[in-house]
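coords-v2.pdb (PDB, C-alpha atoms, pLDDT in the B column)
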ATOM      1  CA  MET P  22     -57.087  40.429  25.243  1.00 45.00           C
ATOM      2  CA  ILE P  23     -56.948  37.191  23.270  1.00 48.00           C
ATOM      3  CA  LYS P  24     -59.760  36.602  20.912  1.00 49.00           C
ATOM      4  CA  LYS P  25     -60.803  32.966  20.664  1.00 49.00           C
ATOM      5  CA  VAL P  26     -62.972  31.856  17.826  1.00 47.00           C
ATOM      6  CA  ILE P  27     -64.358  28.406  17.424  1.00 48.00           C
ATOM      7  CA  HIS P  28     -64.248  27.057  13.903  1.00 50.00           C
ATOM      8  CA  MET P  29     -65.977  23.911  13.028  1.00 52.00           C
ATOM      9  CA  HIS P  30     -63.958  21.295  11.300  1.00 52.00           C
ATOM     10  CA  GLU P  31     -64.980  17.799  10.281  1.00 57.00           C
ATOM     11  CA  ASP P  32     -63.033  16.369  13.250  1.00 54.00           C
ATOM     12  CA  GLY P  33     -64.535  18.796  15.718  1.00 52.00           C
ATOM     13  CA  PRO P  34     -63.970  22.354  16.866  1.00 52.00           C
ATOM     14  CA  ILE P  35     -60.651  24.086  16.214  1.00 52.00           C
ATOM     15  CA  TRP P  36     -59.716  26.884  18.562  1.00 52.00           C
ATOM     16  CA  ASP P  37     -58.373  29.894  16.765  1.00 52.00           C
ATOM     17  CA  SER P  38     -56.063  32.001  18.866  1.00 51.00           C
ATOM     18  CA  GLY P  39     -55.614  34.661  16.321  1.00 52.00           C
ATOM     19  CA  GLY P  40     -52.270  33.450  14.889  1.00 53.00           C
ATOM     20  CA  GLU P  41     -50.612  32.599  18.192  1.00 57.00           C
ATOM     21  CA  GLU P  42     -50.868  28.901  17.478  1.00 58.00           C
ATOM     22  CA  LEU P  43     -48.975  29.399  14.226  1.00 59.00           C
ATOM     23  CA  ASP P  44     -46.245  31.326  16.069  1.00 68.00           C
ATOM     24  CA  GLY P  45     -45.953  28.498  18.615  1.00 69.00           C
ATOM     25  CA  ALA P  46     -45.783  25.895  15.856  1.00 77.00           C
ATOM     26  CA  SER P  47     -43.102  27.787  13.990  1.00 87.00           C
ATOM     27  CA  GLU P  48     -41.185  28.234  17.249  1.00 87.00           C
ATOM     28  CA  LEU P  49     -41.411  24.479  17.817  1.00 87.00           C
ATOM     29  CA  ASP P  50     -40.247  23.908  14.246  1.00 87.00           C
ATOM     30  CA  ARG P  51     -37.281  26.225  14.813  1.00 90.00           C
ATOM     31  CA  GLU P  52     -36.463  24.497  18.113  1.00 89.00           C
ATOM     32  CA  TRP P  53     -36.727  21.095  16.453  1.00 89.00           C
ATOM     33  CA  GLN P  54     -34.441  22.235  13.620  1.00 90.00           C
ATOM     34  CA  ARG P  55     -31.933  23.698  16.108  1.00 91.00           C
ATOM     35  CA  ARG P  56     -31.886  20.440  18.112  1.00 90.00           C
ATOM     36  CA  HIS P  57     -31.627  18.401  14.923  1.00 89.00           C
ATOM     37  CA  ASP P  58     -28.663  20.479  13.754  1.00 89.00           C
ATOM     38  CA  GLN P  59     -27.074  20.318  17.203  1.00 90.00           C
ATOM     39  CA  PHE P  60     -27.353  16.525  17.414  1.00 87.00           C
ATOM     40  CA  HIS P  61     -26.288  16.127  13.810  1.00 87.00           C
ATOM     41  CA  THR P  62     -23.146  18.187  14.487  1.00 89.00           C
ATOM     42  CA  HIS P  63     -22.480  16.313  17.725  1.00 88.00           C
ATOM     43  CA  GLY P  64     -22.924  12.962  15.970  1.00 86.00           C
ATOM     44  CA  TYR P  65     -20.625  14.031  13.166  1.00 85.00           C
ATOM     45  CA  ARG P  66     -17.922  15.062  15.652  1.00 88.00           C
ATOM     46  CA  GLU P  67     -18.312  11.804  17.580  1.00 89.00           C
ATOM     47  CA  GLY P  68     -18.019   9.846  14.335  1.00 86.00           C
ATOM     48  CA  ILE P  69     -14.853  11.680  13.343  1.00 87.00           C
ATOM     49  CA  SER P  70     -13.383  11.111  16.797  1.00 86.00           C
ATOM     50  CA  ALA P  71     -14.259   7.399  16.768  1.00 84.00           C
ATOM     51  CA  GLY P  72     -12.805   7.051  13.281  1.00 83.00           C
ATOM     52  CA  LYS P  73      -9.544   8.675  14.318  1.00 84.00           C
ATOM     53  CA  GLU P  74      -9.338   6.450  17.377  1.00 84.00           C
ATOM     54  CA  ALA P  75      -9.976   3.291  15.338  1.00 82.00           C
ATOM     55  CA  SER P  76      -7.426   4.349  12.754  1.00 83.00           C
ATOM     56  CA  ALA P  77      -4.839   5.128  15.424  1.00 85.00           C
ATOM     57  CA  GLN P  78      -5.440   1.756  17.079  1.00 86.00           C
ATOM     58  CA  GLU P  79      -5.069  -0.044  13.764  1.00 87.00           C
ATOM     59  CA  GLY P  80      -1.840   1.836  13.069  1.00 83.00           C
ATOM     60  CA  PHE P  81      -0.531   0.986  16.522  1.00 87.00           C
ATOM     61  CA  ASN P  82      -1.353  -2.699  16.041  1.00 88.00           C
ATOM     62  CA  ILE P  83       0.462  -2.793  12.700  1.00 86.00           C
ATOM     63  CA  GLY P  84       3.467  -0.903  14.057  1.00 84.00           C
ATOM     64  CA  PHE P  85       3.646  -3.087  17.143  1.00 88.00           C
ATOM     65  CA  LYS P  86       3.554  -6.247  15.055  1.00 87.00           C
ATOM     66  CA  GLN P  87       6.302  -4.917  12.780  1.00 83.00           C
ATOM     67  CA  SER P  88       8.576  -3.734  15.557  1.00 86.00           C
ATOM     68  CA  VAL P  89       8.266  -6.018  18.560  1.00 89.00           C
ATOM     69  CA  LEU P  90      10.521  -8.836  17.348  1.00 89.00           C
ATOM     70  CA  ASP P  91      13.120  -6.496  15.871  1.00 89.00           C
ATOM     71  CA  GLY P  92      13.099  -4.431  19.063  1.00 90.00           C
ATOM     72  CA  TYR P  93      13.467  -7.531  21.196  1.00 92.00           C
ATOM     73  CA  ASN P  94      16.358  -8.841  19.085  1.00 91.00           C
ATOM     74  CA  TRP P  95      18.062  -5.432  19.146  1.00 92.00           C
ATOM     75  CA  GLY P  96      17.760  -5.420  22.940  1.00 93.00           C
ATOM     76  CA  VAL P  97      19.238  -8.914  23.113  1.00 93.00           C
ATOM     77  CA  VAL P  98      22.227  -7.857  21.016  1.00 94.00           C
ATOM     78  CA  ARG P  99      22.831  -4.778  23.158  1.00 95.00           C
ATOM     79  CA  GLY P 100      22.365  -6.705  26.394  1.00 94.00           C
ATOM     80  CA  VAL P 101      24.540  -9.706  25.563  1.00 93.00           C
ATOM     81  CA  THR P 102      27.359  -7.636  24.101  1.00 94.00           C
ATOM     82  CA  SER P 103      27.248  -5.266  27.099  1.00 95.00           C
ATOM     83  CA  ALA P 104      27.333  -8.157  29.563  1.00 93.00           C
ATOM     84  CA  LEU P 105      30.289  -9.741  27.801  1.00 93.00           C
ATOM     85  CA  ALA P 106      32.145  -6.413  27.501  1.00 94.00           C
ATOM     86  CA  LEU P 107      31.849  -5.805  31.248  1.00 94.00           C
ATOM     87  CA  LEU P 108      33.155  -9.210  32.309  1.00 93.00           C
ATOM     88  CA  PRO P 109      36.676  -9.394  33.755  1.00 94.00           C
ATOM     89  CA  ASP P 110      39.277 -10.449  31.186  1.00 92.00           C
ATOM     90  CA  GLY P 111      39.955 -13.765  32.940  1.00 92.00           C
ATOM     91  CA  LEU P 112      36.305 -14.769  32.748  1.00 91.00           C
ATOM     92  CA  LYS P 113      36.053 -13.651  29.110  1.00 91.00           C
ATOM     93  CA  GLU P 114      38.995 -15.909  28.279  1.00 90.00           C
ATOM     94  CA  LYS P 115      37.208 -18.883  29.886  1.00 88.00           C
ATOM     95  CA  LEU P 116      33.935 -18.198  28.075  1.00 89.00           C
ATOM     96  CA  ILE P 117      35.296 -17.190  24.671  1.00 89.00           C
ATOM     97  CA  GLU P 118      38.193 -19.442  23.765  1.00 85.00           C
ATOM     98  CA  THR P 119      40.087 -17.504  21.092  1.00 90.00           C
ATOM     99  CA  GLU P 120      41.411 -13.967  21.022  1.00 93.00           C
ATOM    100  CA  GLU P 121      39.901 -13.585  17.552  1.00 94.00           C
ATOM    101  CA  LYS P 122      36.381 -14.378  18.811  1.00 92.00           C
ATOM    102  CA  ARG P 123      36.815 -12.054  21.829  1.00 93.00           C
ATOM    103  CA  ASN P 124      37.802  -9.282  19.412  1.00 95.00           C
ATOM    104  CA  GLU P 125      34.747 -10.024  17.249  1.00 95.00           C
ATOM    105  CA  PHE P 126      32.474  -9.754  20.292  1.00 94.00           C
ATOM    106  CA  LYS P 127      34.237  -6.514  21.255  1.00 95.00           C
ATOM    107  CA  GLY P 128      33.826  -5.148  17.719  1.00 96.00           C
ATOM    108  CA  LEU P 129      30.133  -6.053  17.728  1.00 96.00           C
ATOM    109  CA  TYR P 130      29.731  -4.368  21.125  1.00 96.00           C
ATOM    110  CA  GLU P 131      31.425  -1.179  19.921  1.00 96.00           C
ATOM    111  CA  SER P 132      29.459  -1.122  16.685  1.00 95.00           C
ATOM    112  CA  VAL P 133      26.109  -1.681  18.409  1.00 95.00           C
ATOM    113  CA  HIS P 134      26.770   0.842  21.157  1.00 94.00           C
ATOM    114  CA  SER P 135      27.824   3.507  18.665  1.00 95.00           C
ATOM    115  CA  ILE P 136      24.171   3.591  17.526  1.00 94.00           C
ATOM    116  CA  SER P 137      21.890   5.690  19.702  1.00 92.00           C
ATOM    117  CA  THR P 138      18.298   4.713  20.362  1.00 90.00           C
ATOM    118  CA  ALA P 139      17.126   7.491  18.033  1.00 92.00           C
ATOM    119  CA  ASP P 140      19.484   6.232  15.313  1.00 93.00           C
ATOM    120  CA  ALA P 141      18.237   2.656  15.782  1.00 92.00           C
ATOM    121  CA  LEU P 142      14.649   3.852  15.403  1.00 90.00           C
ATOM    122  CA  ARG P 143      15.639   5.772  12.287  1.00 92.00           C
ATOM    123  CA  LEU P 144      17.325   2.667  10.846  1.00 91.00           C
ATOM    124  CA  PHE P 145      14.237   0.602  11.610  1.00 90.00           C
ATOM    125  CA  ASN P 146      11.980   3.195   9.975  1.00 89.00           C
ATOM    126  CA  ASN P 147      14.226   3.386   6.907  1.00 90.00           C
ATOM    127  CA  ASP P 148      14.129  -0.417   6.629  1.00 88.00           C
ATOM    128  CA  ILE P 149      10.319  -0.412   6.678  1.00 87.00           C
ATOM    129  CA  ILE P 150      10.175   2.330   4.045  1.00 89.00           C
ATOM    130  CA  SER P 151      12.706   0.506   1.855  1.00 87.00           C
ATOM    131  CA  LYS P 152      10.813  -2.779   2.134  1.00 85.00           C
ATOM    132  CA  LYS P 153       7.523  -1.090   1.192  1.00 86.00           C
ATOM    133  CA  ALA P 154       9.138   0.697  -1.764  1.00 88.00           C
ATOM    134  CA  LEU P 155      10.699  -2.563  -2.899  1.00 87.00           C
ATOM    135  CA  GLU P 156       7.350  -4.374  -2.648  1.00 85.00           C
ATOM    136  CA  ARG P 157       5.582  -1.619  -4.608  1.00 87.00           C
ATOM    137  CA  SER P 158       8.201  -1.575  -7.335  1.00 86.00           C
ATOM    138  CA  GLU P 159       8.234  -5.377  -7.538  1.00 83.00           C
ATOM    139  CA  ASN P 160       4.448  -5.386  -7.890  1.00 82.00           C
ATOM    140  CA  ALA P 161       4.423  -2.536 -10.397  1.00 79.00           C
ATOM    141  CA  GLU P 162       7.369  -3.775 -12.411  1.00 73.00           C
ATOM    142  CA  ALA P 163       6.808  -7.534 -12.174  1.00 67.00           C
ATOM    143  CA  SER P 164       7.572  -8.101 -15.832  1.00 51.00           C
ATOM    144  CA  SER P 165      10.449  -5.644 -16.261  1.00 56.00           C
ATOM    145  CA  HIS P 166      13.753  -5.149 -14.495  1.00 52.00           C
ATOM    146  CA  VAL P 167      14.369  -1.865 -12.690  1.00 47.00           C
ATOM    147  CA  PRO P 168      18.094  -0.979 -12.635  1.00 51.00           C
ATOM    148  CA  GLY P 169      19.425  -0.780  -9.123  1.00 49.00           C
ATOM    149  CA  LEU P 170      16.516  -2.693  -7.606  1.00 45.00           C
ATOM    150  CA  GLN P 171      18.520  -5.855  -7.050  1.00 45.00           C
ATOM    151  CA  GLU P 172      21.263  -3.856  -5.336  1.00 46.00           C
ATOM    152  CA  GLN P 173      18.665  -2.461  -2.903  1.00 45.00           C
ATOM    153  CA  ARG P 174      17.229  -5.879  -2.164  1.00 47.00           C
ATOM    154  CA  SER P 175      18.392  -7.279   1.118  1.00 50.00           C
ATOM    155  CA  ASP P 176      16.832 -10.034   3.145  1.00 52.00           C
ATOM    156  CA  CYS P 177      18.110  -8.445   6.334  1.00 64.00           C
ATOM    157  CA  SER P 178      18.165  -4.925   7.627  1.00 83.00           C
ATOM    158  CA  ARG P 179      21.189  -3.456   9.340  1.00 85.00           C
ATOM    159  CA  LEU P 180      19.651  -4.104  12.759  1.00 88.00           C
ATOM    160  CA  GLU P 181      18.852  -7.695  11.791  1.00 89.00           C
ATOM    161  CA  ASN P 182      22.453  -8.134  10.634  1.00 92.00           C
ATOM    162  CA  TYR P 183      23.684  -7.298  14.143  1.00 94.00           C
ATOM    163  CA  PHE P 184      21.401  -9.979  15.546  1.00 93.00           C
ATOM    164  CA  LYS P 185      22.569 -12.542  12.997  1.00 93.00           C
ATOM    165  CA  GLU P 186      26.183 -11.661  13.767  1.00 94.00           C
ATOM    166  CA  LEU P 187      25.545 -12.246  17.479  1.00 93.00           C
ATOM    167  CA  GLN P 188      23.866 -15.580  16.702  1.00 91.00           C
ATOM    168  CA  SER P 189      26.873 -16.622  14.636  1.00 90.00           C
ATOM    169  CA  LEU P 190      29.330 -15.628  17.367  1.00 92.00           C
ATOM    170  CA  LEU P 191      27.331 -17.502  19.999  1.00 90.00           C
ATOM    171  CA  LEU P 192      27.200 -20.620  17.823  1.00 88.00           C
ATOM    172  CA  ASP P 193      30.983 -20.429  17.434  1.00 85.00           C
ATOM    173  CA  SER P 194      31.406 -20.167  21.224  1.00 84.00           C
ATOM    174  CA  PRO P 195      30.138 -23.482  22.628  1.00 79.00           C
ATOM    175  CA  VAL P 196      30.441 -22.386  26.271  1.00 81.00           C
ATOM    176  CA  LEU P 197      27.948 -19.565  25.677  1.00 78.00           C
ATOM    177  CA  LYS P 198      24.423 -20.713  25.060  1.00 72.00           C
ATOM    178  CA  GLY P 199      21.702 -18.388  23.885  1.00 60.00           C
ATOM    179  CA  HIS P 200      18.383 -20.045  24.641  1.00 56.00           C
ATOM    180  CA  PHE P 201      16.775 -16.606  24.723  1.00 55.00           C
ATOM    181  CA  LEU P 202      17.315 -15.912  21.050  1.00 50.00           C
ATOM    182  CA  VAL P 203      14.172 -15.554  18.985  1.00 54.00           C
ATOM    183  CA  ASP P 204      14.227 -15.667  15.218  1.00 54.00           C
ATOM    184  CA  LYS P 205      11.551 -14.654  12.710  1.00 53.00           C
TER     185      LYS P 205
END

Go ahead and express the file in the form of structure tokens.
Amino acid sequence: MIKKVIHMHEDGPIWDSGGEELDGASELDREWQRRHDQFHTHGYREGISAGKEASAQEGFNIGFKQSVLDGYNWGVVRGVTSALALLPDGLKEKLIETEEKRNEFKGLYESVHSISTADALRLFNNDIISKKALERSENAEASSHVPGLQEQRSDCSRLENYFKELQSLLLDSPVLKGHFLVDK
């Protein structure tokens, strides 16, 4: 049996349920704390997830910007040299006037096709790392000379050199026109 006692308070009567009200209040407090902790944890996890996603997107955008032109140019070099290598000899002679130039195109084709896709990606990655290291050392050592730094400095990467070599060969072969070539 529940004993109910009426206590008078300045705001009106307060029902006393013999401590049951306190148990209910503390149970509500515990439930509120559990929900608070649950939502706090959920919010924290969502924040971490959103942060990772934003960071990954930013990294993708930077990587895409760095690689798209180089990748396109590398594809052009591989495509043009492959197309020329597969032409019949008679047609090659009409398009590329001298034996020397035909041999240069053939050499470029062989050199480019000796590099696998994985190796090309590795070269590209190494170029990015080298450029960043060079920038850091130039910034850090602006007033002093670091031995060997000038030897590392190169305006073009190995992959870019293949593209520039193709451009040069196409310019020297007036019958071949490369309107598709994009430069930085």

Inset, instruction - Just give me the gap between atom CA of P:Arg143 and atom CA of P:Val89 in Å, one decimal is fine. - result: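 Rounded to one decimal, the two atoms are 15.3 Å apart.
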
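Applied to this file, the PyMOL selection byres ((chain P and resi 116) around 12) selects P:Leu105, P:Ala106, P:Leu108, P:Pro109, P:Asp110, P:Gly111, P:Leu112, P:Lys113, P:Glu114, P:Lys115, P:Ile117, P:Glu118, P:Thr119, P:Glu120, P:Lys122, P:Arg123, P:Phe126, P:Leu190, P:Leu191, P:Asp193, P:Ser194, P:Pro195, P:Val196, P:Leu197, P:Lys198.
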
Write to file, as a PDB file, in the frame of the given file, the residues of the selection just made, with C-alpha atoms.
ATOM      1  CA  LEU P 105      30.289  -9.741  27.801  1.00 93.00           C
ATOM      2  CA  ALA P 106      32.145  -6.413  27.501  1.00 94.00           C
ATOM      3  CA  LEU P 108      33.155  -9.210  32.309  1.00 93.00           C
ATOM      4  CA  PRO P 109      36.676  -9.394  33.755  1.00 94.00           C
ATOM      5  CA  ASP P 110      39.277 -10.449  31.186  1.00 92.00           C
ATOM      6  CA  GLY P 111      39.955 -13.765  32.940  1.00 92.00           C
ATOM      7  CA  LEU P 112      36.305 -14.769  32.748  1.00 91.00           C
ATOM      8  CA  LYS P 113      36.053 -13.651  29.110  1.00 91.00           C
ATOM      9  CA  GLU P 114      38.995 -15.909  28.279  1.00 90.00           C
ATOM     10  CA  LYS P 115      37.208 -18.883  29.886  1.00 88.00           C
ATOM     11  CA  ILE P 117      35.296 -17.190  24.671  1.00 89.00           C
ATOM     12  CA  GLU P 118      38.193 -19.442  23.765  1.00 85.00           C
ATOM     13  CA  THR P 119      40.087 -17.504  21.092  1.00 90.00           C
ATOM     14  CA  GLU P 120      41.411 -13.967  21.022  1.00 93.00           C
ATOM     15  CA  LYS P 122      36.381 -14.378  18.811  1.00 92.00           C
ATOM     16  CA  ARG P 123      36.815 -12.054  21.829  1.00 93.00           C
ATOM     17  CA  PHE P 126      32.474  -9.754  20.292  1.00 94.00           C
ATOM     18  CA  LEU P 190      29.330 -15.628  17.367  1.00 92.00           C
ATOM     19  CA  LEU P 191      27.331 -17.502  19.999  1.00 90.00           C
ATOM     20  CA  ASP P 193      30.983 -20.429  17.434  1.00 85.00           C
ATOM     21  CA  SER P 194      31.406 -20.167  21.224  1.00 84.00           C
ATOM     22  CA  PRO P 195      30.138 -23.482  22.628  1.00 79.00           C
ATOM     23  CA  VAL P 196      30.441 -22.386  26.271  1.00 81.00           C
ATOM     24  CA  LEU P 197      27.948 -19.565  25.677  1.00 78.00           C
ATOM     25  CA  LYS P 198      24.423 -20.713  25.060  1.00 72.00           C
TER      26      LYS P 198
END

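Closest approach to P:Ser103 from the set P:Tyr65, P:Trp53, P:Tyr183, P:Tyr130 is made by P:Tyr130, with distances taken over all atoms listed in the file.
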
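Across the structure, atom CA of P:Asn94 and atom CA of P:Leu180 are spaced 8.6 Å apart.
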
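When atom CA of P:Ser178 is paired with atom CA of P:Asn147, their separation reads 9.2 Å.
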
Legend entry - Answer as an MDAnalysis selection string, residues within 7 Å of (20.1, 2.3, 12.1) using all atoms listed in the file: chainID P and resid 136 140:145 179:180

Please, what is the axis-aligned box for every listed atom of stretch 108-120 of chain P with 8 Å on each side, as centre and edge lengths in Å to one decimal, as JSON?
{"center_x": 37.3, "center_y": -14.3, "center_z": 27.4, "size_x": 24.3, "size_y": 26.2, "size_z": 28.7}

Legend entry - From P:Ala154, P:Val97, P:Leu187, P:Leu192, residue lying nearest P:Leu129 [all atoms listed in the file]: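 Selected residue with least distance to P:Leu129: P:Leu187.
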
Please return stretch 97-125 of chain P, rebuilt to N, CA and C atoms, as an mmCIF file, in the frame of the given file.
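Just written: result-v1.cif:
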data_model
loop_
_atom_site.group_PDB
_atom_site.id
_atom_site.type_symbol
_atom_site.label_atom_id
_atom_site.label_comp_id
_atom_site.auth_asym_id
_atom_site.auth_seq_id
_atom_site.Cartn_x
_atom_site.Cartn_y
_atom_site.Cartn_z
ATOM 1 N N VAL P 97 18.406 -7.749 22.798
ATOM 2 C CA VAL P 97 19.238 -8.914 23.113
ATOM 3 C C VAL P 97 20.683 -8.657 22.697
ATOM 4 N N VAL P 98 20.870 -8.135 21.500
ATOM 5 C CA VAL P 98 22.227 -7.857 21.016
ATOM 6 C C VAL P 98 22.923 -6.860 21.941
ATOM 7 N N ARG P 99 22.226 -5.786 22.264
ATOM 8 C CA ARG P 99 22.831 -4.778 23.158
ATOM 9 C C ARG P 99 23.120 -5.362 24.543
ATOM 10 N N GLY P 100 22.190 -6.135 25.053
ATOM 11 C CA GLY P 100 22.365 -6.705 26.394
ATOM 12 C C GLY P 100 23.480 -7.721 26.471
ATOM 13 N N VAL P 101 23.518 -8.659 25.538
ATOM 14 C CA VAL P 101 24.540 -9.706 25.563
ATOM 15 C C VAL P 101 25.925 -9.108 25.337
ATOM 16 N N THR P 102 26.035 -8.228 24.359
ATOM 17 C CA THR P 102 27.359 -7.636 24.101
ATOM 18 C C THR P 102 27.814 -6.766 25.270
ATOM 19 N N SER P 103 26.890 -6.075 25.922
ATOM 20 C CA SER P 103 27.248 -5.266 27.099
ATOM 21 C C SER P 103 27.705 -6.159 28.240
ATOM 22 N N ALA P 104 26.972 -7.240 28.477
ATOM 23 C CA ALA P 104 27.333 -8.157 29.563
ATOM 24 C C ALA P 104 28.722 -8.742 29.321
ATOM 25 N N LEU P 105 28.986 -9.166 28.103
ATOM 26 C CA LEU P 105 30.289 -9.741 27.801
ATOM 27 C C LEU P 105 31.402 -8.695 27.891
ATOM 28 N N ALA P 106 31.128 -7.479 27.466
ATOM 29 C CA ALA P 106 32.145 -6.413 27.501
ATOM 30 C C ALA P 106 32.529 -6.051 28.927
ATOM 31 N N LEU P 107 31.587 -6.210 29.862
ATOM 32 C CA LEU P 107 31.849 -5.805 31.248
ATOM 33 C C LEU P 107 32.439 -6.927 32.108
ATOM 34 N N LEU P 108 32.557 -8.103 31.553
ATOM 35 C CA LEU P 108 33.155 -9.210 32.309
ATOM 36 C C LEU P 108 34.656 -8.979 32.493
ATOM 37 N N PRO P 109 35.209 -9.462 33.594
ATOM 38 C CA PRO P 109 36.676 -9.394 33.755
ATOM 39 C C PRO P 109 37.364 -10.218 32.658
ATOM 40 N N ASP P 110 38.558 -9.799 32.289
ATOM 41 C CA ASP P 110 39.277 -10.449 31.186
ATOM 42 C C ASP P 110 39.460 -11.939 31.416
ATOM 43 N N GLY P 111 39.753 -12.342 32.646
ATOM 44 C CA GLY P 111 39.955 -13.765 32.940
ATOM 45 C C GLY P 111 38.709 -14.588 32.656
ATOM 46 N N LEU P 112 37.554 -14.059 32.992
ATOM 47 C CA LEU P 112 36.305 -14.769 32.748
ATOM 48 C C LEU P 112 35.974 -14.787 31.249
ATOM 49 N N LYS P 113 36.278 -13.691 30.575
ATOM 50 C CA LYS P 113 36.053 -13.651 29.110
ATOM 51 C C LYS P 113 36.881 -14.733 28.428
ATOM 52 N N GLU P 114 38.112 -14.907 28.880
ATOM 53 C CA GLU P 114 38.995 -15.909 28.279
ATOM 54 C C GLU P 114 38.454 -17.321 28.489
ATOM 55 N N LYS P 115 37.800 -17.568 29.631
ATOM 56 C CA LYS P 115 37.208 -18.883 29.886
ATOM 57 C C LYS P 115 35.965 -19.119 29.031
ATOM 58 N N LEU P 116 35.185 -18.062 28.823
ATOM 59 C CA LEU P 116 33.935 -18.198 28.075
ATOM 60 C C LEU P 116 34.135 -18.175 26.564
ATOM 61 N N ILE P 117 35.056 -17.342 26.104
ATOM 62 C CA ILE P 117 35.296 -17.190 24.671
ATOM 63 C C ILE P 117 36.736 -17.610 24.428
ATOM 64 N N GLU P 118 36.910 -18.751 23.790
ATOM 65 C CA GLU P 118 38.193 -19.442 23.765
ATOM 66 C C GLU P 118 39.304 -18.728 23.012
ATOM 67 N N THR P 119 39.001 -18.085 21.882
ATOM 68 C CA THR P 119 40.087 -17.504 21.092
ATOM 69 C C THR P 119 40.079 -15.976 21.187
ATOM 70 N N GLU P 120 41.243 -15.423 21.025
ATOM 71 C CA GLU P 120 41.411 -13.967 21.022
ATOM 72 C C GLU P 120 40.630 -13.355 19.855
ATOM 73 N N GLU P 121 40.623 -14.060 18.733
ATOM 74 C CA GLU P 121 39.901 -13.585 17.552
ATOM 75 C C GLU P 121 38.402 -13.431 17.849
ATOM 76 N N LYS P 122 37.815 -14.441 18.481
ATOM 77 C CA LYS P 122 36.381 -14.378 18.811
ATOM 78 C C LYS P 122 36.106 -13.286 19.845
ATOM 79 N N ARG P 123 36.991 -13.132 20.838
ATOM 80 C CA ARG P 123 36.815 -12.054 21.829
ATOM 81 C C ARG P 123 36.846 -10.692 21.140
ATOM 82 N N ASN P 124 37.722 -10.536 20.161
ATOM 83 C CA ASN P 124 37.802 -9.282 19.412
ATOM 84 C C ASN P 124 36.548 -9.067 18.558
ATOM 85 N N GLU P 125 35.985 -10.150 18.024
ATOM 86 C CA GLU P 125 34.747 -10.024 17.249
ATOM 87 C C GLU P 125 33.585 -9.591 18.150
#
